[in-house]
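Student: Dropping a structure here in structure tokens format, bear with me for questions.
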Amino acid sequence: MPPARKRLRAYDPATTRAAVLSQFGQVRQAVGTLTEAQFALPTRLGDWTVRELAAHIAMVSGLVAGYLRLPEPQKQDLALLDWPFATVTAADRVDEDTRAFADGGSVVELFARTAADLEELLPAASAERLVPMRFGGMRLGDFMVTRTVELIVHTDDLNAATGLDVPYDRRALAACTRLLADALAVKAPGASTEVRIPPFAVVQCVEGPRHTRGTPPNVVEADPLTWIRLATGRTGWGDALESAKVSASGERADLGALLPILG
């Protein structure tokens, strides 16, 4: 797991909480409209159906309340930028946990229970409180930023599988975009390539001659959802280039070998 450098940016805890609750609420509303036939549809996530996908969204959102019910860890083990690299080690456990959670009742009921738990426990919790998440102690404020990634990425999965048009909360989309962009800068430190994801993020990465002024010699640009799909393996680098969803200029602008960031 690459060591995280210092945090590249600050996230306002109140804004992040509002973003998470908003995105969760929008997904909950959409899930409540699904038919049994739609719950049985396949997704792009292996052999998960829409039912497993929706249960996973409820589960990863509910982890916030679940962790707040547990004793606070004595020390912080994980910084925000450690999280993207830690997640790739837990795919099998996540699948097992999701299937077990999905067996706990109807998906609509799972969302209702999660919403009630968040309403009960989240308002009074400090962003500085440590939570005992899967990989160790982490600040609640940082953990909430990771929930924007889970919610935005899986909202996109849900839309792709069902044809729904669940909206993306702008604040959640921004936090998700920025965290994944900063993770790329950690994975490939340097300043020879500028990656632009307007209007939310610009990062420099990749070893090589440092750019100091004027137009950078190596530039990659994509819209937020295309970037998120690239960073999570939903879209391949070559496919994104061919469809003109991403532009890349310069000899160090090929990010194919660095993606995805999240498996």
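Chains: A, B, ... in order of the structure tokens. Residues: from 1 per chain. Ligands: from 1, in order shown.
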I want to know what sits within 12 Å of Trp237 (chain A), based on only C-alpha atoms, with residues of the same chain fewer than 6 positions away left out; could you give that as a PDB file with N, CA and C atoms, in the first residue's frame?
Tutor:
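What ended up in around-v1.pdb:
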```
ATOM      1  N   VAL A 220      -3.891  15.674 -19.267  1.00  0.00           N
ATOM      2  CA  VAL A 220      -5.015  14.749 -19.378  1.00  0.00           C
ATOM      3  C   VAL A 220      -6.250  15.481 -18.869  1.00  0.00           C
ATOM      4  N   ALA A 222     -10.659  15.064 -18.354  1.00  0.00           N
ATOM      5  CA  ALA A 222     -11.868  14.258 -18.434  1.00  0.00           C
ATOM      6  C   ALA A 222     -12.941  14.902 -17.574  1.00  0.00           C
ATOM      7  N   THR A 226     -16.474  10.395 -16.116  1.00  0.00           N
ATOM      8  CA  THR A 226     -15.496   9.609 -16.882  1.00  0.00           C
ATOM      9  C   THR A 226     -14.271   9.328 -16.030  1.00  0.00           C
ATOM     10  N   TRP A 227     -13.791  10.327 -15.299  1.00  0.00           N
ATOM     11  CA  TRP A 227     -12.629  10.119 -14.437  1.00  0.00           C
ATOM     12  C   TRP A 227     -12.914   9.062 -13.379  1.00  0.00           C
ATOM     13  N   ILE A 228     -14.077   9.159 -12.750  1.00  0.00           N
ATOM     14  CA  ILE A 228     -14.438   8.192 -11.713  1.00  0.00           C
ATOM     15  C   ILE A 228     -14.513   6.784 -12.289  1.00  0.00           C
ATOM     16  N   ARG A 229     -15.070   6.647 -13.489  1.00  0.00           N
ATOM     17  CA  ARG A 229     -15.146   5.327 -14.130  1.00  0.00           C
ATOM     18  C   ARG A 229     -13.757   4.797 -14.478  1.00  0.00           C
ATOM     19  N   LEU A 230     -12.864   5.680 -14.896  1.00  0.00           N
ATOM     20  CA  LEU A 230     -11.484   5.262 -15.159  1.00  0.00           C
ATOM     21  C   LEU A 230     -10.789   4.836 -13.867  1.00  0.00           C
ATOM     22  N   ALA A 231     -10.965   5.628 -12.820  1.00  0.00           N
ATOM     23  CA  ALA A 231     -10.266   5.377 -11.553  1.00  0.00           C
ATOM     24  C   ALA A 231     -10.754   4.117 -10.864  1.00  0.00           C
ATOM     25  N   SER A 243     -13.339   6.848 -27.539  1.00  0.00           N
ATOM     26  CA  SER A 243     -14.653   7.490 -27.564  1.00  0.00           C
ATOM     27  C   SER A 243     -14.584   8.984 -27.277  1.00  0.00           C
ATOM     28  N   ALA A 244     -13.374   9.500 -27.134  1.00  0.00           N
ATOM     29  CA  ALA A 244     -13.137  10.931 -26.877  1.00  0.00           C
ATOM     30  C   ALA A 244     -13.738  11.387 -25.552  1.00  0.00           C
ATOM     31  N   LYS A 245     -13.887  10.454 -24.606  1.00  0.00           N
ATOM     32  CA  LYS A 245     -14.332  10.817 -23.274  1.00  0.00           C
ATOM     33  C   LYS A 245     -13.197  11.419 -22.448  1.00  0.00           C
ATOM     34  N   VAL A 246     -11.969  11.147 -22.863  1.00  0.00           N
ATOM     35  CA  VAL A 246     -10.797  11.715 -22.209  1.00  0.00           C
ATOM     36  C   VAL A 246      -9.851  12.201 -23.290  1.00  0.00           C
ATOM     37  N   SER A 247      -9.183  13.312 -23.029  1.00  0.00           N
ATOM     38  CA  SER A 247      -8.153  13.806 -23.942  1.00  0.00           C
ATOM     39  C   SER A 247      -6.797  13.698 -23.261  1.00  0.00           C
ATOM     40  N   ALA A 248      -5.780  13.354 -24.022  1.00  0.00           N
ATOM     41  CA  ALA A 248      -4.436  13.188 -23.460  1.00  0.00           C
ATOM     42  C   ALA A 248      -3.419  13.665 -24.486  1.00  0.00           C
ATOM     43  N   ALA A 253       1.453  11.453 -20.933  1.00  0.00           N
ATOM     44  CA  ALA A 253       0.027  11.607 -20.640  1.00  0.00           C
ATOM     45  C   ALA A 253      -0.748  10.298 -20.704  1.00  0.00           C
ATOM     46  N   ASP A 254      -0.048   9.189 -20.924  1.00  0.00           N
ATOM     47  CA  ASP A 254      -0.722   7.898 -20.967  1.00  0.00           C
ATOM     48  C   ASP A 254      -0.835   7.355 -19.547  1.00  0.00           C
ATOM     49  N   LEU A 255      -2.043   7.359 -19.008  1.00  0.00           N
ATOM     50  CA  LEU A 255      -2.267   6.899 -17.631  1.00  0.00           C
ATOM     51  C   LEU A 255      -2.725   5.443 -17.580  1.00  0.00           C
ATOM     52  N   GLY A 256      -2.744   4.773 -18.711  1.00  0.00           N
ATOM     53  CA  GLY A 256      -3.287   3.423 -18.766  1.00  0.00           C
ATOM     54  C   GLY A 256      -2.691   2.472 -17.759  1.00  0.00           C
ATOM     55  N   ALA A 257      -1.379   2.554 -17.558  1.00  0.00           N
ATOM     56  CA  ALA A 257      -0.703   1.622 -16.644  1.00  0.00           C
ATOM     57  C   ALA A 257      -0.975   1.964 -15.171  1.00  0.00           C
ATOM     58  N   LEU A 258      -1.511   3.151 -14.899  1.00  0.00           N
ATOM     59  CA  LEU A 258      -1.744   3.590 -13.518  1.00  0.00           C
ATOM     60  C   LEU A 258      -3.186   3.364 -13.069  1.00  0.00           C
ATOM     61  N   LEU A 259      -4.024   2.974 -14.005  1.00  0.00           N
ATOM     62  CA  LEU A 259      -5.446   2.831 -13.709  1.00  0.00           C
ATOM     63  C   LEU A 259      -5.864   1.371 -13.804  1.00  0.00           C
ATOM     64  N   PRO A 260      -6.867   0.954 -13.036  1.00  0.00           N
ATOM     65  CA  PRO A 260      -7.640   1.751 -12.081  1.00  0.00           C
ATOM     66  C   PRO A 260      -6.887   1.975 -10.775  1.00  0.00           C
TER      67      PRO A 260
END
```
Student: Which residue out of A:Glu72, A:Glu36, A:Asp12, A:Glu251 has the minimum interatomic distance to Val131 (chain A) when only C-alpha atoms are used?
Tutor: A:Glu72
Student: Quick one: of A:Ala65, A:Ala188, A:Val153, A:Ala102, who's nearest to Arg252 (chain A), counting only C-alpha atoms?
Tutor: A:Ala188
Student: Write out as a list in words the residues lying within 10 Å of Ala201 (chain A), counting only C-alpha atoms and excluding same-chain residues fewer than 4 positions away.
Tutor: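 With the cut-off at 10 Å, the set is Ala174, Ala175, Thr177, Arg178, Leu179, Leu180, Ala181, Asp182, Val195, Arg196, Ile197 and Pro224 of chain A.
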Student: With C-alpha atoms retained, write the just-selected residues as a short mmCIF file (atom, residue, chain, number, x, y, z; two decimals), in the first residue's frame.
Tutor:
```
data_model
loop_
_atom_site.label_atom_id
_atom_site.label_comp_id
_atom_site.auth_asym_id
_atom_site.auth_seq_id
_atom_site.Cartn_x
_atom_site.Cartn_y
_atom_site.Cartn_z
CA ALA A 174 -16.87 16.81 -6.09
CA ALA A 175 -15.48 15.01 -3.03
CA THR A 177 -13.59 13.23 -7.85
CA ARG A 178 -11.02 15.00 -5.69
CA LEU A 179 -10.18 12.02 -3.52
CA LEU A 180 -9.59 9.77 -6.53
CA ALA A 181 -7.53 12.47 -8.26
CA ASP A 182 -5.38 12.96 -5.16
CA VAL A 195 -4.66 15.87 -14.82
CA ARG A 196 -7.68 18.11 -15.09
CA ILE A 197 -11.19 17.09 -14.04
CA PRO A 224 -15.93 13.89 -13.43
#
```
Student: Residues of region 87-227 of chain A in helix (DSSP H, G or I) according to DSSP, as a PyMOL selection string?
Tutor: chain A and resi 87+91-102+107-121+140-162+170-187+224-227
Student: Mind listing the strand (DSSP E) residues of region 7-152 of chain A, per DSSP on the backbone, as JSON, numbers by chain?
Tutor: {"A": [130, 131, 132, 133, 136, 137, 138, 139]}
Student: Name the residues in contact with Thr162 (chain A) at a cut-off of 10 Å, using only C-alpha atoms, excluding same-chain residues fewer than 6 positions from it; report them as a CSV table (one decimal) with N, CA and C atoms, in the first residue's frame.
Tutor:
```csv
chain,number,residue,atom,x,y,z
A,34,LEU,N,-38.0,0.2,-7.5
A,34,LEU,CA,-37.6,-0.9,-8.3
A,34,LEU,C,-38.6,-2.1,-8.2
A,38,GLN,N,-36.5,-5.8,-11.8
A,38,GLN,CA,-35.4,-4.9,-11.9
A,38,GLN,C,-34.3,-5.3,-10.8
A,39,PHE,N,-34.8,-5.8,-9.7
A,39,PHE,CA,-33.8,-6.2,-8.7
A,39,PHE,C,-33.0,-7.5,-9.2
A,41,LEU,N,-32.0,-7.9,-12.3
A,41,LEU,CA,-31.1,-7.5,-13.4
A,41,LEU,C,-29.7,-7.7,-13.1
A,42,PRO,N,-28.8,-8.0,-14.1
A,42,PRO,CA,-27.4,-8.1,-13.8
A,42,PRO,C,-26.8,-6.7,-13.7
A,43,THR,N,-25.6,-6.7,-13.1
A,43,THR,CA,-24.8,-5.4,-13.1
A,43,THR,C,-23.4,-5.7,-13.7
A,50,VAL,N,-28.9,-6.4,-9.3
A,50,VAL,CA,-29.2,-5.1,-8.7
A,50,VAL,C,-29.5,-5.2,-7.3
```
Student: Give me, as a PyMOL selection string, all polymer residues having an atom no more than 8 Å from Leu262 (chain A), counting only C-alpha atoms and skipping those fewer than 2 positions away in the same chain.
Tutor: chain A and resi 84-85+87-88+231-233+260
Student: For N, CA and C atoms, I'd like the residues from the last selection saved as a CSV table (one decimal), in the first residue's frame.
Tutor:
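Okay, selection_30.csv is ready:
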```csv
chain,number,residue,atom,x,y,z
A,84,PRO,N,-7.9,4.5,-0.5
A,84,PRO,CA,-8.1,4.0,-1.8
A,84,PRO,C,-7.2,2.7,-2.0
A,85,PHE,N,-6.0,2.7,-1.5
A,85,PHE,CA,-5.1,1.6,-1.7
A,85,PHE,C,-5.4,0.4,-0.8
A,87,THR,N,-8.4,-0.5,0.0
A,87,THR,CA,-9.7,-1.2,-0.4
A,87,THR,C,-9.4,-2.3,-1.4
A,88,VAL,N,-8.3,-2.3,-2.1
A,88,VAL,CA,-8.1,-3.3,-3.1
A,88,VAL,C,-7.8,-4.7,-2.5
A,231,ALA,N,-11.0,5.6,-12.8
A,231,ALA,CA,-10.3,5.4,-11.6
A,231,ALA,C,-10.8,4.1,-10.9
A,232,THR,N,-12.0,3.7,-11.2
A,232,THR,CA,-12.5,2.5,-10.6
A,232,THR,C,-12.6,1.3,-11.5
A,233,GLY,N,-12.1,1.4,-12.7
A,233,GLY,CA,-12.1,0.3,-13.6
A,233,GLY,C,-13.4,0.1,-14.4
A,260,PRO,N,-6.9,1.0,-13.0
A,260,PRO,CA,-7.6,1.8,-12.1
A,260,PRO,C,-6.9,2.0,-10.8
```
Student: To one decimal place in Å, what is the distance between CA of Glu242 (chain A) and CA of Asp156 (chain A)?
Tutor: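 Interatomic distance, CA of Glu242 (chain A) to CA of Asp156 (chain A): 21.0 Å.
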Student: Which is closer to Ser22 (chain A) than all the others in A:Gly66, A:Pro73, A:Pro167, A:Pro132, using only C-alpha atoms?
Tutor: A:Pro167
Student: When distances are computed from only C-alpha atoms, which of A:Asp223, A:Arg147, A:Gly250, A:Arg51 shows the smallest separation from Ser192 (chain A)?
Tutor: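 Nearest candidate to Ser192 (chain A) out of A:Asp223, A:Arg147, A:Gly250, A:Arg51: A:Gly250.
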Student: When distances are computed from only C-alpha atoms, which of A:Val108, A:Val219, A:Leu70, A:Leu63 shows the smallest separation from Thr35 (chain A)?
Tutor: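 For Thr35 (chain A), the nearest of the candidates is A:Val108.
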Student: Looking at only C-alpha atoms, which of A:Ala91, A:Val202, A:Ala100, A:Leu80 is the one that sits closest to Gly141 (chain A)?
Tutor: A:Leu80
Student: Which polymer residues have any atom within 8 Å of an atom of Arg171 (chain A), counting only C-alpha atoms, with same-chain residues fewer than 4 positions away left out, as a PDB file with C-alpha atoms, in the first residue's frame?
Tutor:
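Saved file selection18.pdb follows:
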```
ATOM      1  CA  THR A  15     -20.654  19.729   3.676  1.00  0.00           C
ATOM      2  CA  THR A  16     -19.486  16.133   3.442  1.00  0.00           C
ATOM      3  CA  ALA A  19     -23.540  15.296   0.632  1.00  0.00           C
ATOM      4  CA  ALA A 175     -15.482  15.007  -3.030  1.00  0.00           C
TER       5      ALA A 175
END
```
